[in-house]
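With compact mmCIF, C-alpha atoms inside, this is entry.txt:
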```txt
# COMPACT_ATOMS: atom_id res chain seq x y z
CA MET A 1 93.02 65.44 -70.10
CA PRO A 2 89.75 67.13 -69.03
CA ALA A 3 89.35 68.49 -72.55
CA VAL A 4 89.69 64.99 -74.03
CA SER A 5 87.22 63.49 -71.57
CA GLU A 6 84.72 66.22 -72.35
CA ALA A 7 85.08 65.72 -76.11
CA ALA A 8 84.64 61.93 -76.01
CA PRO A 9 80.88 61.92 -75.31
CA LEU A 10 80.33 64.38 -78.14
CA GLY A 11 82.23 62.12 -80.53
CA LEU A 12 80.18 59.14 -79.42
CA LEU A 13 76.98 61.10 -79.87
CA GLN A 14 78.03 62.11 -83.37
CA LEU A 15 78.80 58.49 -84.23
CA VAL A 16 75.40 57.40 -82.98
CA LEU A 17 73.66 60.11 -85.01
CA TRP A 18 75.61 59.28 -88.16
CA SER A 19 74.83 55.59 -87.62
CA ALA A 20 71.12 56.36 -87.33
CA VAL A 21 71.21 58.44 -90.51
CA GLN A 22 73.17 55.77 -92.34
CA ALA A 23 70.95 52.89 -91.26
CA THR A 24 67.75 54.80 -92.05
CA ALA A 25 68.97 55.93 -95.47
CA VAL A 26 70.15 52.47 -96.48
CA ALA A 27 66.99 50.75 -95.25
CA CYS A 28 64.70 53.27 -96.96
CA THR A 29 66.63 52.98 -100.21
CA VAL A 30 66.38 49.19 -100.16
CA PHE A 31 62.66 49.28 -99.43
CA ILE A 32 61.94 51.84 -102.14
CA VAL A 33 64.02 50.02 -104.75
CA ARG A 34 62.36 46.69 -104.02
CA HIS A 35 58.92 48.30 -104.02
CA HIS A 36 59.46 49.86 -107.44
CA LEU A 37 60.95 46.66 -108.84
CA ARG A 38 57.95 44.76 -107.54
CA THR A 39 55.40 47.15 -109.02
CA SER A 40 57.29 48.27 -112.13
CA ASP A 41 55.23 48.99 -115.24
CA GLY A 42 57.94 49.41 -117.85
CA ASP A 43 59.74 52.49 -116.54
CA SER A 44 61.67 50.69 -113.78
CA PRO A 45 65.16 51.67 -115.11
CA ASP A 46 64.43 55.37 -114.58
CA LEU A 47 62.84 54.74 -111.21
CA LEU A 48 65.74 52.55 -110.17
CA PHE A 49 68.26 55.25 -111.13
CA TRP A 50 66.50 57.96 -109.15
CA ASP A 51 65.94 55.65 -106.18
CA LEU A 52 69.64 54.82 -106.04
CA PHE A 53 70.68 58.41 -106.70
CA GLY A 54 68.44 59.73 -103.94
CA GLY A 55 69.77 57.16 -101.51
CA ALA A 56 73.39 57.86 -102.47
CA VAL A 57 72.92 61.59 -101.83
CA VAL A 58 72.33 60.76 -98.17
CA ILE A 59 74.36 57.57 -97.73
CA ALA A 60 77.64 58.79 -99.24
CA PRO A 61 78.03 61.94 -97.10
CA ALA A 62 76.89 60.05 -94.00
CA LEU A 63 79.73 57.60 -94.61
CA LEU A 64 82.49 59.82 -96.00
CA ILE A 65 82.29 62.79 -93.63
CA PRO A 66 82.84 60.74 -90.45
CA ALA A 67 85.40 58.55 -92.26
CA VAL A 68 87.53 61.59 -93.10
CA THR A 69 87.47 62.65 -89.46
CA SER A 70 88.03 59.16 -88.08
CA PRO A 71 88.78 56.10 -90.26
CA PRO A 72 87.61 53.68 -87.52
CA ALA A 73 84.32 55.55 -87.42
CA GLY A 74 84.07 55.14 -91.19
CA LEU A 75 84.57 51.39 -90.86
CA ALA A 76 81.94 51.24 -88.14
CA LEU A 77 79.48 53.15 -90.30
CA ALA A 78 80.22 50.89 -93.26
CA ALA A 79 79.37 47.92 -91.06
CA VAL A 80 76.16 49.64 -89.96
CA ALA A 81 75.24 50.27 -93.60
CA ALA A 82 75.90 46.64 -94.53
CA VAL A 83 73.89 45.25 -91.63
CA SER A 84 70.95 47.59 -92.19
CA GLY A 85 70.97 46.86 -95.92
CA ILE A 86 70.92 43.10 -95.36
CA ALA A 87 68.21 43.40 -92.72
CA ALA A 88 66.09 45.63 -94.96
CA TYR A 89 66.54 43.29 -97.92
CA ARG A 90 65.51 40.26 -95.89
CA GLY A 91 62.61 42.01 -94.20
CA SER A 92 61.29 44.00 -97.14
CA PRO A 93 59.07 41.22 -98.63
CA ALA A 94 57.06 40.94 -95.42
CA VAL A 95 56.83 44.72 -94.99
CA LEU A 96 55.82 45.27 -98.62
CA SER A 97 53.21 42.52 -98.42
CA TRP A 98 51.76 44.12 -95.29
CA TYR A 99 51.71 47.52 -97.00
CA GLU A 100 50.07 46.09 -100.12
CA THR A 101 47.43 44.33 -98.04
CA ARG A 102 46.56 47.55 -96.22
CA ARG A 103 46.46 49.51 -99.48
CA ARG A 104 44.26 46.90 -101.13
CA ARG A 105 41.85 46.88 -98.21
CA ARG A 106 41.63 50.66 -98.29
CA VAL A 107 40.94 50.68 -102.03
CA ASP A 108 38.81 47.55 -102.27
CA GLY A 109 36.87 48.08 -99.04
CA PRO A 110 34.05 50.20 -100.55
CA LEU A 111 33.80 47.86 -103.56
CA CYS A 112 33.54 44.81 -101.32
CA ARG A 113 30.88 46.44 -99.14
CA ALA A 114 28.82 47.32 -102.21
CA ALA A 115 29.32 43.79 -103.54
CA ALA A 116 28.13 42.35 -100.23
CA ALA A 117 24.85 44.26 -100.57
CA VAL A 118 24.37 42.96 -104.12
CA HIS A 119 25.32 39.47 -102.96
CA GLU A 120 22.61 39.55 -100.30
CA GLU A 121 20.05 40.77 -102.83
CA ILE A 122 20.92 37.95 -105.25
CA VAL A 123 20.65 35.31 -102.54
CA GLY A 124 17.28 36.76 -101.55
CA ARG A 125 16.07 36.54 -105.15
CA TRP A 126 17.09 32.92 -105.40
CA ALA A 127 15.66 32.00 -101.99
CA ARG A 128 12.18 33.06 -103.15
CA TYR A 129 12.08 30.10 -105.51
CA GLU A 130 12.53 27.75 -102.56
CA LEU A 131 10.58 29.56 -99.84
CA ASP A 132 7.57 30.77 -101.85
CA PRO A 133 5.34 27.73 -102.53
CA ALA A 134 3.80 29.29 -105.65
CA LEU A 135 7.18 30.07 -107.19
CA ALA A 136 8.57 26.68 -106.16
CA ILE A 137 5.74 24.96 -108.01
CA SER A 138 5.91 27.25 -111.05
CA TYR A 139 9.69 27.16 -111.46
CA PRO A 140 11.04 23.93 -109.96
CA ASP A 141 14.14 24.04 -112.17
CA LEU A 142 15.62 26.77 -109.99
CA ALA A 143 15.82 24.31 -107.10
CA ASP A 144 17.03 21.42 -109.24
CA VAL A 145 20.83 21.30 -109.22
CA ARG A 146 20.72 18.72 -111.99
CA ARG A 147 19.90 21.57 -114.34
CA PRO A 148 23.18 22.95 -115.77
CA GLU A 149 22.20 26.58 -115.24
CA THR A 150 21.13 25.96 -111.65
CA ALA A 151 24.31 23.98 -110.98
CA ASP A 152 26.36 26.86 -112.38
CA PHE A 153 24.54 29.27 -110.08
CA VAL A 154 25.21 27.11 -107.02
CA LYS A 155 28.86 26.88 -108.01
CA ALA A 156 29.07 30.66 -108.41
CA LEU A 157 27.33 31.09 -105.05
CA ARG A 158 29.91 28.91 -103.31
CA GLU A 159 32.73 30.81 -104.97
CA ALA A 160 31.32 34.18 -103.89
CA GLU A 161 30.82 32.98 -100.32
CA MET A 162 34.36 31.62 -100.18
CA LEU A 163 35.93 34.84 -101.49
CA LYS A 164 33.80 36.95 -99.15
CA THR A 165 34.95 34.93 -96.15
CA ALA A 166 38.58 35.16 -97.25
CA GLY A 167 38.37 38.91 -97.92
CA ASP A 168 39.67 38.28 -101.42
CA PRO A 169 39.84 41.32 -103.75
CA GLY A 170 38.19 39.20 -106.43
CA TYR A 171 34.97 39.10 -104.42
CA PRO A 172 33.18 41.91 -106.36
CA HIS A 173 33.87 40.11 -109.65
CA ALA A 174 32.57 36.86 -108.16
CA VAL A 175 29.34 38.63 -107.15
CA ALA A 176 28.96 39.96 -110.69
CA ARG A 177 29.35 36.42 -112.03
CA LEU A 178 26.83 35.22 -109.46
CA GLY A 179 24.24 37.70 -110.71
CA GLN A 180 24.84 36.63 -114.30
CA ALA A 181 24.50 32.97 -113.31
CA LEU A 182 21.14 33.65 -111.65
CA ASP A 183 19.94 35.53 -114.73
CA ARG A 184 20.83 32.54 -116.90
CA ALA A 185 19.15 30.12 -114.50
CA GLU A 186 15.97 32.22 -114.45
CA THR A 187 15.97 32.42 -118.24
CA ALA A 188 16.41 28.67 -118.55
CA ALA A 189 13.58 28.10 -116.06
CA GLY A 190 11.27 30.39 -118.02
CA VAL A 191 10.84 33.03 -115.32
CA PRO A 192 9.11 36.06 -116.87
CA ALA A 193 10.56 39.55 -116.54
CA GLY A 194 7.77 40.68 -114.21
CA VAL A 195 8.57 37.99 -111.66
CA ARG A 196 12.26 38.85 -111.86
CA ARG A 197 11.60 42.53 -111.26
CA ALA A 198 9.42 41.67 -108.28
CA GLY A 199 12.31 39.70 -106.82
CA GLN A 200 14.77 42.52 -107.44
CA ASN A 201 12.49 45.04 -105.75
CA ALA A 202 11.64 42.79 -102.81
```

Transcribe the structure of this file into structure tokens.
Amino acid sequence: MPAVSEAAPLGLLQLVLWSAVQATAVACTVFIVRHHLRTSDGDSPDLLFWDLFGGAVVIAPALLIPAVTSPPAGLALAAVAAVSGIAAYRGSPAVLSWYETRRRRRVDGPLCRAAAAVHEEIVGRWARYELDPALAISYPDLADVRRPETADFVKALREAEMLKTAGDPGYPHAVARLGQALDRAETAAGVPAGVRRAGQNA
């Protein structure tokens, strides 16, 4: 009897360890498979095979070895695998979205900071035509939103501001379009190259 009582905690510990291995392996396999399916670029069948194979290498022994020793333990581990798989499947969209957001911020962060500097420079160029009396008199079209080119610039400005506030990855492209819109508005208003360069260097 003492021998049995001493062996019981060890068996329980083994079951807990196998359960942890099983749950982790199943959850990781589900996450990796869903990630590759979500970001596949034509070679998803190969990726899917290796994802499943890699998971099976861990999952199968973690299920079969305890099951051979104790069938009830095998059933318990099968239940653990099923529960962890379902939980990982249901939770993976949120986790993958969080991961993608962090990755995008890490990659797009420098681009967005550079775009913000260009954005500020463009707004400063445009503001001169409203704040400088001489320029306002010489080029009134740049303050007249009835002009198609000026209206397009104002629209592009609003879009860039909105994407900047939202932290949208399309913000750098919006800033590029904003600069092009200002160039077209200046051309339509007849602003000479020298005045434009002065605004860019201001």

Counting all atoms listed in the file, what is within 7 Å of Ser84 (chain A), bar same-chain residues fewer than 6 positions away, as a list in words?
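Final neighbour list, sorted by chain and number: Ala23, Val26 and Ala27 of chain A.
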
Work out how far CA of Gly194 (chain A) is from CA of Leu157 (chain A), in Å to one decimal.
23.6 Å

Around (15.6, 27.9, -115.5) in the file's frame, which residues reach within 10 Å when counting all atoms listed in the file? Return as a list of chain:residue names?
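The residues that fall inside the cut-off are A:Tyr139, A:Pro140, A:Asp141, A:Leu142, A:Ala143, A:Asp144, A:Arg147, A:Pro148, A:Glu149, A:Thr150, A:Leu182, A:Asp183, A:Arg184, A:Ala185, A:Glu186, A:Thr187, A:Ala188, A:Ala189, A:Gly190, A:Val191.
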
Calculate how many Å separate CA of Tyr89 (chain A) from CA of Val58 (chain A), rounding to one decimal.
18.4 Å

Please, what distance in Å, to one decimal, runs between CA of Arg177 (chain A) and CA of Glu100 (chain A)?
25.8 Å

Could you list, as a PyMOL selection string, every residue within 9 Å of Gly91 (chain A), counting all atoms listed in the file and ignoring same-chain residues fewer than 5 positions away?
chain A and resi 31+86+96
